[in-house]
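Pasted below: model-v2.cif, mmCIF, C-alpha atoms.
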data_final
loop_
_atom_site.label_atom_id
_atom_site.label_comp_id
_atom_site.auth_asym_id
_atom_site.auth_seq_id
_atom_site.Cartn_x
_atom_site.Cartn_y
_atom_site.Cartn_z
CA MET B 8 -7.16 -16.36 -5.68
CA SER B 9 -6.10 -12.79 -5.36
CA ILE B 10 -8.08 -12.05 -2.20
CA LEU B 11 -6.39 -14.97 -0.45
CA ASP B 12 -2.96 -13.68 -1.51
CA LYS B 13 -3.83 -10.23 -0.19
CA ILE B 14 -5.07 -11.54 3.15
CA THR B 15 -2.11 -13.87 3.59
CA GLY B 16 0.26 -11.08 2.64
CA ARG B 17 -1.23 -8.67 5.15
CA ALA B 18 -1.10 -11.29 7.88
CA LYS B 19 2.56 -11.99 7.16
CA LYS B 20 3.35 -8.28 7.09
CA ALA B 21 1.69 -7.84 10.46
CA ALA B 22 3.47 -10.86 11.90
CA GLY B 23 6.75 -9.51 10.60
CA ASP B 24 6.05 -6.15 12.23
CA ILE B 25 5.16 -7.75 15.55
CA THR B 26 8.14 -10.10 15.63
CA GLY B 27 10.58 -7.68 14.04
CA ASP B 28 11.22 -10.16 11.23
CA GLY B 29 12.02 -8.12 8.14
CA SER B 30 12.11 -11.22 5.95
CA LEU B 31 8.56 -12.16 6.90
CA ARG B 32 7.39 -8.60 6.32
CA SER B 33 8.99 -8.58 2.86
CA GLN B 34 7.40 -11.89 2.02
CA GLY B 35 4.04 -10.48 3.07
CA ARG B 36 4.50 -7.42 0.86
CA ARG B 37 5.33 -9.66 -2.11
CA GLU B 38 2.25 -11.82 -1.57
CA GLU B 39 0.02 -8.79 -1.20
CA ARG B 40 1.44 -7.33 -4.43
CA LYS B 41 0.91 -10.67 -6.17
CA GLY B 42 -2.78 -10.49 -5.23
CA GLU B 43 -3.03 -6.96 -6.60
CA GLU B 44 -1.39 -8.01 -9.87
CA LYS B 45 -3.78 -10.97 -10.18
CA ASP B 46 -6.67 -8.51 -9.85
CA LYS B 47 -5.21 -6.37 -12.63
CA LEU B 48 -4.81 -9.44 -14.83
CA ALA B 49 -8.41 -10.51 -14.24
CA ASP B 50 -9.63 -7.01 -15.11
CA ALA B 51 -7.60 -7.01 -18.32
CA GLN B 52 -8.96 -10.43 -19.26
CA ASP B 53 -12.50 -9.18 -18.69
CA ARG B 54 -11.86 -6.20 -20.98
CA VAL B 55 -10.45 -8.50 -23.66
CA GLU B 56 -13.52 -10.73 -23.47
CA GLU B 57 -15.81 -7.69 -23.74
CA LYS B 58 -13.94 -6.42 -26.81
CA ALA B 59 -14.04 -9.88 -28.40
CA GLN B 60 -17.80 -9.92 -27.86
CA ASP B 61 -18.08 -6.44 -29.41
CA VAL B 62 -16.18 -7.64 -32.48
CA ALA B 63 -18.34 -10.75 -32.74
CA ASP B 64 -21.48 -8.58 -32.54
CA LEU B 65 -20.18 -6.29 -35.28
CA ASP B 66 -19.37 -9.29 -37.48
CA ARG B 67 -22.91 -10.59 -37.10
CA ARG B 68 -24.36 -7.21 -38.09
CA THR B 69 -22.32 -6.94 -41.29
#
In structure tokens, write the structure found in this file.
Amino acid sequence: MSILDKITGRAKKAAGDITGDGSLRSQGRREERKGEEKDKLADAQDRVEEKAQDVADLDRRT
């Protein structure tokens, strides 16, 4: 789930900031980015499904 990745990433970034652990902060940034990329993928999949439905509708009309 992308929202879980984003939340976990932000928590790790904050923990890294508080503790001064650059590795933990980097890991948090990567997880947060992973969540953002999952959102982009889901949006793209939705657009593909919409276009497939449009094509199917056009096929039925012709």
Ala22 of chain B proximity check over B:Arg67, B:Arg36, B:Lys45, B:Arg54, using only C-alpha atoms: winner is B:Arg36
Output, as JSON, the centre and edge lengths in Å (one decimal) of the axis-aligned box that contains all listed atoms of segment 15-30 of chain B with 4 Å of margin on each side.
{"center_x": 5.0, "center_y": -10.0, "center_z": 9.1, "size_x": 22.2, "size_y": 15.7, "size_z": 21.0}
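Those residues returned by the PyMOL selection byres ((chain B and resi 14-17) around 6) for this file are Leu11, Asp12, Lys13, Ala18, Lys19, Lys20, Gly35, Arg36, Glu38 and Glu39 of chain B.
When only C-alpha atoms are used to compute distances to Gly42 of chain B, the closest of the residues B:Ala21, B:Val55, B:Leu65, B:Ile10 turns out to be B:Ile10.
As for atom CA of Leu48 of chain B and atom CA of Gln34 of chain B, they are spaced 21.0 Å apart.
Reported to one decimal place, the separation of atom CA of Asp50 of chain B from atom CA of Ser9 of chain B is 11.9 Å.
Coordinates place atom CA of Ser33 of chain B at a distance of 24.5 Å from atom CA of Ala49 of chain B.
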Export C-alpha atoms of segment 17-58 of chain B from the structure just given, as an mmCIF file, in the first residue's frame?
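New file selection.cif:
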data_model
loop_
_atom_site.group_PDB
_atom_site.id
_atom_site.type_symbol
_atom_site.label_atom_id
_atom_site.label_comp_id
_atom_site.auth_asym_id
_atom_site.auth_seq_id
_atom_site.Cartn_x
_atom_site.Cartn_y
_atom_site.Cartn_z
ATOM 1 C CA ARG B 17 8.209 9.832 6.886
ATOM 2 C CA ALA B 18 8.519 8.219 10.299
ATOM 3 C CA LYS B 19 11.947 6.844 9.430
ATOM 4 C CA LYS B 20 13.052 10.193 8.035
ATOM 5 C CA ALA B 21 11.975 11.902 11.244
ATOM 6 C CA ALA B 22 13.674 9.274 13.385
ATOM 7 C CA GLY B 23 16.827 9.690 11.333
ATOM 8 C CA ASP B 24 16.699 13.449 11.831
ATOM 9 C CA ILE B 25 16.189 13.125 15.571
ATOM 10 C CA THR B 26 18.918 10.535 16.078
ATOM 11 C CA GLY B 27 21.292 11.973 13.505
ATOM 12 C CA ASP B 28 21.262 8.666 11.624
ATOM 13 C CA GLY B 29 21.759 9.500 7.959
ATOM 14 C CA SER B 30 21.230 5.884 6.924
ATOM 15 C CA LEU B 31 17.795 5.781 8.540
ATOM 16 C CA ARG B 32 16.876 9.102 6.956
ATOM 17 C CA SER B 33 17.920 7.811 3.522
ATOM 18 C CA GLN B 34 15.919 4.653 4.018
ATOM 19 C CA GLY B 35 12.905 6.761 4.929
ATOM 20 C CA ARG B 36 13.294 8.874 1.789
ATOM 21 C CA ARG B 37 13.448 5.723 -0.349
ATOM 22 C CA GLU B 38 10.307 4.282 1.241
ATOM 23 C CA GLU B 39 8.443 7.551 0.836
ATOM 24 C CA ARG B 40 9.473 7.702 -2.832
ATOM 25 C CA LYS B 41 8.387 4.092 -3.294
ATOM 26 C CA GLY B 42 4.917 5.052 -2.045
ATOM 27 C CA GLU B 43 4.773 7.968 -4.466
ATOM 28 C CA GLU B 44 5.787 5.729 -7.370
ATOM 29 C CA LYS B 45 3.121 3.177 -6.404
ATOM 30 C CA ASP B 46 0.549 5.981 -6.566
ATOM 31 C CA LYS B 47 1.749 6.912 -10.056
ATOM 32 C CA LEU B 48 1.522 3.282 -11.143
ATOM 33 C CA ALA B 49 -2.025 2.955 -9.808
ATOM 34 C CA ASP B 50 -3.042 6.137 -11.645
ATOM 35 C CA ALA B 51 -1.535 4.840 -14.884
ATOM 36 C CA GLN B 52 -3.328 1.513 -14.475
ATOM 37 C CA ASP B 53 -6.613 3.351 -13.943
ATOM 38 C CA ARG B 54 -6.065 5.338 -17.155
ATOM 39 C CA VAL B 55 -5.308 2.137 -19.062
ATOM 40 C CA GLU B 56 -8.500 0.521 -17.780
ATOM 41 C CA GLU B 57 -10.513 3.607 -18.775
ATOM 42 C CA LYS B 58 -9.039 3.570 -22.286
#
